[in-house]
file my_file_10.pdb (PDB, N, CA and C atoms, pLDDT in the B column)
ATOM      1  N   MET A   1       1.189  48.333 -78.830  1.00 67.00           N
ATOM      2  CA  MET A   1      -0.153  48.023 -79.263  1.00 67.00           C
ATOM      3  C   MET A   1      -0.221  48.175 -80.788  1.00 67.00           C
ATOM      4  N   PRO A   2      -0.469  47.090 -81.505  1.00 92.00           N
ATOM      5  CA  PRO A   2      -0.468  47.144 -82.973  1.00 92.00           C
ATOM      6  C   PRO A   2      -1.456  48.141 -83.562  1.00 92.00           C
ATOM      7  N   ILE A   3      -2.636  48.309 -82.944  1.00 93.00           N
ATOM      8  CA  ILE A   3      -3.613  49.242 -83.491  1.00 93.00           C
ATOM      9  C   ILE A   3      -3.061  50.673 -83.434  1.00 93.00           C
ATOM     10  N   GLY A   4      -2.297  50.975 -82.387  1.00 93.00           N
ATOM     11  CA  GLY A   4      -1.660  52.290 -82.288  1.00 93.00           C
ATOM     12  C   GLY A   4      -0.657  52.503 -83.409  1.00 93.00           C
ATOM     13  N   THR A   5       0.081  51.472 -83.737  1.00 96.00           N
ATOM     14  CA  THR A   5       1.020  51.543 -84.860  1.00 96.00           C
ATOM     15  C   THR A   5       0.261  51.774 -86.157  1.00 96.00           C
ATOM     16  N   ALA A   6      -0.863  51.084 -86.319  1.00 96.00           N
ATOM     17  CA  ALA A   6      -1.675  51.251 -87.532  1.00 96.00           C
ATOM     18  C   ALA A   6      -2.170  52.688 -87.654  1.00 96.00           C
ATOM     19  N   VAL A   7      -2.584  53.283 -86.549  1.00 96.00           N
ATOM     20  CA  VAL A   7      -3.056  54.669 -86.577  1.00 96.00           C
ATOM     21  C   VAL A   7      -1.921  55.604 -86.975  1.00 96.00           C
ATOM     22  N   ARG A   8      -0.742  55.395 -86.418  1.00 96.00           N
ATOM     23  CA  ARG A   8       0.402  56.243 -86.790  1.00 96.00           C
ATOM     24  C   ARG A   8       0.690  56.126 -88.287  1.00 96.00           C
ATOM     25  N   LEU A   9       0.602  54.922 -88.817  1.00 96.00           N
ATOM     26  CA  LEU A   9       0.817  54.728 -90.255  1.00 96.00           C
ATOM     27  C   LEU A   9      -0.285  55.409 -91.074  1.00 96.00           C
ATOM     28  N   LEU A  10      -1.528  55.303 -90.610  1.00 96.00           N
ATOM     29  CA  LEU A  10      -2.643  55.955 -91.308  1.00 96.00           C
ATOM     30  C   LEU A  10      -2.450  57.464 -91.332  1.00 96.00           C
ATOM     31  N   LYS A  11      -1.988  58.028 -90.223  1.00 95.00           N
ATOM     32  CA  LYS A  11      -1.751  59.479 -90.157  1.00 95.00           C
ATOM     33  C   LYS A  11      -0.699  59.909 -91.170  1.00 95.00           C
ATOM     34  N   LYS A  12       0.245  59.015 -91.464  1.00 95.00           N
ATOM     35  CA  LYS A  12       1.294  59.307 -92.446  1.00 95.00           C
ATOM     36  C   LYS A  12       0.858  58.988 -93.871  1.00 95.00           C
ATOM     37  N   GLY A  13      -0.345  58.415 -94.028  1.00 92.00           N
ATOM     38  CA  GLY A  13      -0.827  58.053 -95.355  1.00 92.00           C
ATOM     39  C   GLY A  13      -0.307  56.714 -95.845  1.00 92.00           C
ATOM     40  N   GLU A  14       0.295  55.945 -94.958  1.00 95.00           N
ATOM     41  CA  GLU A  14       0.858  54.646 -95.332  1.00 95.00           C
ATOM     42  C   GLU A  14      -0.172  53.543 -95.088  1.00 95.00           C
ATOM     43  N   TRP A  15      -1.277  53.619 -95.854  1.00 93.00           N
ATOM     44  CA  TRP A  15      -2.393  52.698 -95.617  1.00 93.00           C
ATOM     45  C   TRP A  15      -2.061  51.256 -95.957  1.00 93.00           C
ATOM     46  N   GLN A  16      -1.128  51.021 -96.894  1.00 95.00           N
ATOM     47  CA  GLN A  16      -0.777  49.637 -97.222  1.00 95.00           C
ATOM     48  C   GLN A  16      -0.135  48.942 -96.022  1.00 95.00           C
ATOM     49  N   LYS A  17       0.773  49.648 -95.340  1.00 96.00           N
ATOM     50  CA  LYS A  17       1.419  49.079 -94.154  1.00 96.00           C
ATOM     51  C   LYS A  17       0.410  48.916 -93.021  1.00 96.00           C
ATOM     52  N   ALA A  18      -0.483  49.893 -92.877  1.00 96.00           N
ATOM     53  CA  ALA A  18      -1.517  49.812 -91.843  1.00 96.00           C
ATOM     54  C   ALA A  18      -2.441  48.628 -92.114  1.00 96.00           C
ATOM     55  N   HIS A  19      -2.714  48.363 -93.385  1.00 96.00           N
ATOM     56  CA  HIS A  19      -3.596  47.261 -93.760  1.00 96.00           C
ATOM     57  C   HIS A  19      -3.043  45.930 -93.267  1.00 96.00           C
ATOM     58  N   ALA A  20      -1.749  45.752 -93.381  1.00 96.00           N
ATOM     59  CA  ALA A  20      -1.122  44.502 -92.939  1.00 96.00           C
ATOM     60  C   ALA A  20      -1.354  44.276 -91.445  1.00 96.00           C
ATOM     61  N   ILE A  21      -1.439  45.360 -90.679  1.00 96.00           N
ATOM     62  CA  ILE A  21      -1.656  45.247 -89.233  1.00 96.00           C
ATOM     63  C   ILE A  21      -3.130  44.999 -88.929  1.00 96.00           C
ATOM     64  N   VAL A  22      -4.017  45.821 -89.512  1.00 96.00           N
ATOM     65  CA  VAL A  22      -5.428  45.762 -89.122  1.00 96.00           C
ATOM     66  C   VAL A  22      -6.132  44.513 -89.619  1.00 96.00           C
ATOM     67  N   GLN A  23      -5.632  43.901 -90.679  1.00 94.00           N
ATOM     68  CA  GLN A  23      -6.308  42.682 -91.140  1.00 94.00           C
ATOM     69  C   GLN A  23      -6.096  41.521 -90.181  1.00 94.00           C
ATOM     70  N   GLU A  24      -5.210  41.702 -89.204  1.00 95.00           N
ATOM     71  CA  GLU A  24      -4.986  40.689 -88.170  1.00 95.00           C
ATOM     72  C   GLU A  24      -5.738  41.021 -86.877  1.00 95.00           C
ATOM     73  N   ASP A  25      -6.484  42.137 -86.867  1.00 95.00           N
ATOM     74  CA  ASP A  25      -7.155  42.601 -85.650  1.00 95.00           C
ATOM     75  C   ASP A  25      -8.667  42.557 -85.865  1.00 95.00           C
ATOM     76  N   ALA A  26      -9.336  41.610 -85.221  1.00 95.00           N
ATOM     77  CA  ALA A  26     -10.786  41.425 -85.389  1.00 95.00           C
ATOM     78  C   ALA A  26     -11.611  42.232 -84.393  1.00 95.00           C
ATOM     79  N   SER A  27     -10.955  43.050 -83.563  1.00 96.00           N
ATOM     80  CA  SER A  27     -11.692  43.871 -82.595  1.00 96.00           C
ATOM     81  C   SER A  27     -12.493  44.946 -83.334  1.00 96.00           C
ATOM     82  N   GLU A  28     -13.436  45.576 -82.607  1.00 96.00           N
ATOM     83  CA  GLU A  28     -14.210  46.647 -83.235  1.00 96.00           C
ATOM     84  C   GLU A  28     -13.303  47.790 -83.678  1.00 96.00           C
ATOM     85  N   LEU A  29     -12.310  48.139 -82.868  1.00 97.00           N
ATOM     86  CA  LEU A  29     -11.380  49.200 -83.266  1.00 97.00           C
ATOM     87  C   LEU A  29     -10.559  48.780 -84.479  1.00 97.00           C
ATOM     88  N   GLY A  30     -10.159  47.512 -84.509  1.00 97.00           N
ATOM     89  CA  GLY A  30      -9.423  46.997 -85.665  1.00 97.00           C
ATOM     90  C   GLY A  30     -10.261  47.023 -86.932  1.00 97.00           C
ATOM     91  N   CYS A  31     -11.533  46.665 -86.805  1.00 98.00           N
ATOM     92  CA  CYS A  31     -12.434  46.701 -87.970  1.00 98.00           C
ATOM     93  C   CYS A  31     -12.655  48.131 -88.443  1.00 98.00           C
ATOM     94  N   TRP A  32     -12.765  49.066 -87.489  1.00 98.00           N
ATOM     95  CA  TRP A  32     -12.912  50.474 -87.845  1.00 98.00           C
ATOM     96  C   TRP A  32     -11.670  50.936 -88.611  1.00 98.00           C
ATOM     97  N   ALA A  33     -10.494  50.604 -88.085  1.00 98.00           N
ATOM     98  CA  ALA A  33      -9.243  50.967 -88.766  1.00 98.00           C
ATOM     99  C   ALA A  33      -9.192  50.333 -90.153  1.00 98.00           C
ATOM    100  N   HIS A  34      -9.661  49.098 -90.265  1.00 97.00           N
ATOM    101  CA  HIS A  34      -9.672  48.395 -91.557  1.00 97.00           C
ATOM    102  C   HIS A  34     -10.570  49.155 -92.534  1.00 97.00           C
ATOM    103  N   GLY A  35     -11.709  49.643 -92.028  1.00 98.00           N
ATOM    104  CA  GLY A  35     -12.596  50.445 -92.868  1.00 98.00           C
ATOM    105  C   GLY A  35     -11.926  51.717 -93.350  1.00 98.00           C
ATOM    106  N   ILE A  36     -11.174  52.360 -92.465  1.00 97.00           N
ATOM    107  CA  ILE A  36     -10.463  53.583 -92.841  1.00 97.00           C
ATOM    108  C   ILE A  36      -9.420  53.283 -93.907  1.00 97.00           C
ATOM    109  N   VAL A  37      -8.728  52.158 -93.768  1.00 97.00           N
ATOM    110  CA  VAL A  37      -7.748  51.754 -94.785  1.00 97.00           C
ATOM    111  C   VAL A  37      -8.409  51.708 -96.159  1.00 97.00           C
ATOM    112  N   HIS A  38      -9.564  51.050 -96.231  1.00 96.00           N
ATOM    113  CA  HIS A  38     -10.236  50.928 -97.529  1.00 96.00           C
ATOM    114  C   HIS A  38     -10.827  52.257 -97.990  1.00 96.00           C
ATOM    115  N   MET A  39     -11.170  53.132 -97.046  1.00 95.00           N
ATOM    116  CA  MET A  39     -11.611  54.482 -97.394  1.00 95.00           C
ATOM    117  C   MET A  39     -10.466  55.213 -98.099  1.00 95.00           C
ATOM    118  N   LEU A  40      -9.276  55.141 -97.506  1.00 94.00           N
ATOM    119  CA  LEU A  40      -8.104  55.789 -98.097  1.00 94.00           C
ATOM    120  C   LEU A  40      -7.762  55.203 -99.460  1.00 94.00           C
ATOM    121  N   GLU A  41      -8.003  53.926 -99.603  1.00 93.00           N
ATOM    122  CA  GLU A  41      -7.726  53.224-100.853  1.00 93.00           C
ATOM    123  C   GLU A  41      -8.742  53.620-101.934  1.00 93.00           C
ATOM    124  N   GLY A  42      -9.902  54.131-101.498  1.00 94.00           N
ATOM    125  CA  GLY A  42     -10.952  54.479-102.452  1.00 94.00           C
ATOM    126  C   GLY A  42     -11.937  53.348-102.692  1.00 94.00           C
ATOM    127  N   ASP A  43     -11.837  52.276-101.916  1.00 96.00           N
ATOM    128  CA  ASP A  43     -12.729  51.116-102.033  1.00 96.00           C
ATOM    129  C   ASP A  43     -13.841  51.264-100.994  1.00 96.00           C
ATOM    130  N   TYR A  44     -14.850  52.099-101.330  1.00 96.00           N
ATOM    131  CA  TYR A  44     -15.881  52.446-100.364  1.00 96.00           C
ATOM    132  C   TYR A  44     -16.808  51.284-100.035  1.00 96.00           C
ATOM    133  N   GLY A  45     -17.041  50.390-100.966  1.00 97.00           N
ATOM    134  CA  GLY A  45     -17.863  49.221-100.674  1.00 97.00           C
ATOM    135  C   GLY A  45     -17.231  48.373 -99.587  1.00 97.00           C
ATOM    136  N   ASN A  46     -15.951  48.126 -99.702  1.00 97.00           N
ATOM    137  CA  ASN A  46     -15.216  47.346 -98.706  1.00 97.00           C
ATOM    138  C   ASN A  46     -15.123  48.129 -97.397  1.00 97.00           C
ATOM    139  N   ALA A  47     -14.938  49.439 -97.487  1.00 97.00           N
ATOM    140  CA  ALA A  47     -14.878  50.272 -96.283  1.00 97.00           C
ATOM    141  C   ALA A  47     -16.195  50.165 -95.511  1.00 97.00           C
ATOM    142  N   ARG A  48     -17.316  50.222 -96.224  1.00 98.00           N
ATOM    143  CA  ARG A  48     -18.626  50.117 -95.563  1.00 98.00           C
ATOM    144  C   ARG A  48     -18.777  48.764 -94.857  1.00 98.00           C
ATOM    145  N   TYR A  49     -18.297  47.707 -95.496  1.00 98.00           N
ATOM    146  CA  TYR A  49     -18.347  46.374 -94.882  1.00 98.00           C
ATOM    147  C   TYR A  49     -17.632  46.393 -93.531  1.00 98.00           C
ATOM    148  N   TRP A  50     -16.427  46.954 -93.484  1.00 98.00           N
ATOM    149  CA  TRP A  50     -15.644  46.972 -92.252  1.00 98.00           C
ATOM    150  C   TRP A  50     -16.256  47.896 -91.207  1.00 98.00           C
ATOM    151  N   TYR A  51     -16.879  48.972 -91.650  1.00 98.00           N
ATOM    152  CA  TYR A  51     -17.588  49.843 -90.704  1.00 98.00           C
ATOM    153  C   TYR A  51     -18.749  49.082 -90.072  1.00 98.00           C
ATOM    154  N   ARG A  52     -19.470  48.300 -90.872  1.00 98.00           N
ATOM    155  CA  ARG A  52     -20.557  47.492 -90.304  1.00 98.00           C
ATOM    156  C   ARG A  52     -20.010  46.513 -89.273  1.00 98.00           C
ATOM    157  N   LYS A  53     -18.893  45.855 -89.566  1.00 98.00           N
ATOM    158  CA  LYS A  53     -18.287  44.914 -88.616  1.00 98.00           C
ATOM    159  C   LYS A  53     -17.842  45.622 -87.342  1.00 98.00           C
ATOM    160  N   ALA A  54     -17.510  46.910 -87.461  1.00 98.00           N
ATOM    161  CA  ALA A  54     -17.090  47.706 -86.304  1.00 98.00           C
ATOM    162  C   ALA A  54     -18.289  48.306 -85.571  1.00 98.00           C
ATOM    163  N   HIS A  55     -19.506  48.035 -86.080  1.00 98.00           N
ATOM    164  CA  HIS A  55     -20.734  48.597 -85.514  1.00 98.00           C
ATOM    165  C   HIS A  55     -20.711  50.123 -85.535  1.00 98.00           C
ATOM    166  N   ARG A  56     -20.250  50.673 -86.661  1.00 97.00           N
ATOM    167  CA  ARG A  56     -20.172  52.122 -86.847  1.00 97.00           C
ATOM    168  C   ARG A  56     -20.895  52.504 -88.134  1.00 97.00           C
ATOM    169  N   MET A  57     -21.456  53.694 -88.117  1.00 96.00           N
ATOM    170  CA  MET A  57     -22.063  54.228 -89.329  1.00 96.00           C
ATOM    171  C   MET A  57     -20.957  54.748 -90.238  1.00 96.00           C
ATOM    172  N   PHE A  58     -21.076  54.439 -91.526  1.00 96.00           N
ATOM    173  CA  PHE A  58     -20.116  54.992 -92.485  1.00 96.00           C
ATOM    174  C   PHE A  58     -20.414  56.485 -92.605  1.00 96.00           C
ATOM    175  N   PRO A  59     -19.397  57.335 -92.540  1.00 94.00           N
ATOM    176  CA  PRO A  59     -19.643  58.784 -92.555  1.00 94.00           C
ATOM    177  C   PRO A  59     -20.294  59.256 -93.860  1.00 94.00           C
ATOM    178  N   MET A  60     -21.231  60.185 -93.717  1.00 91.00           N
ATOM    179  CA  MET A  60     -21.912  60.747 -94.889  1.00 91.00           C
ATOM    180  C   MET A  60     -20.913  61.444 -95.795  1.00 91.00           C
ATOM    181  N   GLU A  61     -20.011  62.196 -95.187  1.00 92.00           N
ATOM    182  CA  GLU A  61     -18.943  62.844 -95.945  1.00 92.00           C
ATOM    183  C   GLU A  61     -17.652  62.113 -95.617  1.00 92.00           C
ATOM    184  N   VAL A  62     -17.038  61.581 -96.637  1.00 89.00           N
ATOM    185  CA  VAL A  62     -15.807  60.825 -96.433  1.00 89.00           C
ATOM    186  C   VAL A  62     -14.692  61.794 -96.063  1.00 89.00           C
ATOM    187  N   ASP A  63     -14.226  61.673 -94.832  1.00 94.00           N
ATOM    188  CA  ASP A  63     -13.155  62.519 -94.321  1.00 94.00           C
ATOM    189  C   ASP A  63     -12.218  61.620 -93.514  1.00 94.00           C
ATOM    190  N   ALA A  64     -11.265  61.037 -94.215  1.00 94.00           N
ATOM    191  CA  ALA A  64     -10.374  60.070 -93.576  1.00 94.00           C
ATOM    192  C   ALA A  64      -9.607  60.675 -92.413  1.00 94.00           C
ATOM    193  N   LYS A  65      -9.161  61.933 -92.541  1.00 95.00           N
ATOM    194  CA  LYS A  65      -8.403  62.549 -91.448  1.00 95.00           C
ATOM    195  C   LYS A  65      -9.250  62.639 -90.181  1.00 95.00           C
ATOM    196  N   ALA A  66     -10.512  63.012 -90.329  1.00 97.00           N
ATOM    197  CA  ALA A  66     -11.400  63.100 -89.166  1.00 97.00           C
ATOM    198  C   ALA A  66     -11.629  61.716 -88.562  1.00 97.00           C
ATOM    199  N   GLU A  67     -11.779  60.711 -89.411  1.00 97.00           N
ATOM    200  CA  GLU A  67     -11.986  59.347 -88.924  1.00 97.00           C
ATOM    201  C   GLU A  67     -10.749  58.820 -88.197  1.00 97.00           C
ATOM    202  N   ILE A  68      -9.574  59.119 -88.731  1.00 97.00           N
ATOM    203  CA  ILE A  68      -8.328  58.693 -88.086  1.00 97.00           C
ATOM    204  C   ILE A  68      -8.199  59.360 -86.717  1.00 97.00           C
ATOM    205  N   ALA A  69      -8.515  60.648 -86.651  1.00 97.00           N
ATOM    206  CA  ALA A  69      -8.451  61.369 -85.374  1.00 97.00           C
ATOM    207  C   ALA A  69      -9.442  60.786 -84.367  1.00 97.00           C
ATOM    208  N   ALA A  70     -10.663  60.476 -84.822  1.00 97.00           N
ATOM    209  CA  ALA A  70     -11.670  59.891 -83.933  1.00 97.00           C
ATOM    210  C   ALA A  70     -11.234  58.509 -83.462  1.00 97.00           C
ATOM    211  N   LEU A  71     -10.637  57.727 -84.355  1.00 97.00           N
ATOM    212  CA  LEU A  71     -10.137  56.404 -83.986  1.00 97.00           C
ATOM    213  C   LEU A  71      -9.027  56.524 -82.947  1.00 97.00           C
ATOM    214  N   ALA A  72      -8.106  57.459 -83.153  1.00 97.00           N
ATOM    215  CA  ALA A  72      -7.013  57.657 -82.197  1.00 97.00           C
ATOM    216  C   ALA A  72      -7.566  58.008 -80.822  1.00 97.00           C
ATOM    217  N   THR A  73      -8.589  58.862 -80.776  1.00 97.00           N
ATOM    218  CA  THR A  73      -9.222  59.228 -79.505  1.00 97.00           C
ATOM    219  C   THR A  73      -9.869  58.009 -78.863  1.00 97.00           C
ATOM    220  N   ALA A  74     -10.577  57.223 -79.645  1.00 96.00           N
ATOM    221  CA  ALA A  74     -11.243  56.023 -79.123  1.00 96.00           C
ATOM    222  C   ALA A  74     -10.230  55.024 -78.563  1.00 96.00           C
ATOM    223  N   ILE A  75      -9.086  54.904 -79.211  1.00 94.00           N
ATOM    224  CA  ILE A  75      -8.046  53.993 -78.730  1.00 94.00           C
ATOM    225  C   ILE A  75      -7.503  54.486 -77.382  1.00 94.00           C
ATOM    226  N   LYS A  76      -7.271  55.788 -77.288  1.00 93.00           N
ATOM    227  CA  LYS A  76      -6.775  56.362 -76.019  1.00 93.00           C
ATOM    228  C   LYS A  76      -7.787  56.126 -74.893  1.00 93.00           C
ATOM    229  N   GLU A  77      -9.060  56.351 -75.206  1.00 93.00           N
ATOM    230  CA  GLU A  77     -10.108  56.176 -74.197  1.00 93.00           C
ATOM    231  C   GLU A  77     -10.237  54.717 -73.774  1.00 93.00           C
ATOM    232  N   SER A  78     -10.049  53.790 -74.707  1.00 89.00           N
ATOM    233  CA  SER A  78     -10.202  52.377 -74.376  1.00 89.00           C
ATOM    234  C   SER A  78      -9.013  51.845 -73.559  1.00 89.00           C
ATOM    235  N   SER A  79      -7.911  52.551 -73.589  1.00 82.00           N
ATOM    236  CA  SER A  79      -6.728  52.085 -72.849  1.00 82.00           C
ATOM    237  C   SER A  79      -6.710  52.580 -71.410  1.00 82.00           C
ATOM    238  N   HIS A  80      -7.659  53.417 -71.035  1.00 74.00           N
ATOM    239  CA  HIS A  80      -7.726  53.929 -69.654  1.00 74.00           C
ATOM    240  C   HIS A  80      -8.597  53.073 -68.787  1.00 74.00           C
TER     241      HIS A  80
END

call {"tool": "encode", "arguments": {"input": "my_file_10.pdb", "output": "structure tokens"}}
result
Amino acid sequence: MPIGTAVRLLKKGEWQKAHAIVQEDASELGCWAHGIVHMLEGDYGNARYWYRKAHRMFPMEVDAKAEIAALATAIKESSH
């Protein structure tokens, strides 16, 4: 599952490689991951755009690790 690979890359801080994967995924989870990529990049305007596409609120406190963990949980839950 490519989104799972993207999450593993995000956990390692390899957001550029993760970006190549998530920009091909138009699902809500893919858009959320895309938002996290731009959060890590420091491009908060673009991150907010992708969060809106994912139908998620942009976090008040930017905490990429917490967002990555929440995304990983959501992916696990969606695969059951």

call {"tool": "closest_residue", "arguments": {"input": "my_file_10.pdb", "among": "A:Leu71, A:Ser79, A:Ala66, A:Trp32", "to": "Arg52 (chain A)", "atoms": "all atoms listed in the file"}}
result
A:Trp32

call {"tool": "resolve_selection", "arguments": {"input": "my_file_10.pdb", "expression": "the PyMOL selection byres ((chain A and resi 34) around 6.5)", "output": "number ranges by chain"}}
result
A: 22-23, 29-33, 35-39, 47, 50-51

call {"tool": "atom_distance", "arguments": {"input": "my_file_10.pdb", "atom1": "atom N of Val62 (chain A)", "atom2": "CA of Tyr49 (chain A)"}}
result
15.4 Å

call {"tool": "atom_distance", "arguments": {"input": "my_file_10.pdb", "atom1": "atom N of Glu14 (chain A)", "atom2": "atom C of Leu40 (chain A)"}}
result
9.3 Å

call {"tool": "residues_around", "arguments": {"input": "my_file_10.pdb", "residues": "Leu10 (chain A)", "least_positions_apart": "5", "cutoff": "10 Å", "atoms": "only C-alpha atoms", "output": "ChimeraX atom specification"}}
result
/A:4-5,15-19,33,36-37,40,64-65,68-69

call {"tool": "atom_distance", "arguments": {"input": "my_file_10.pdb", "atom1": "atom N of Ile3 (chain A)", "atom2": "CA of Ile21 (chain A)"}}
result
7.1 Å
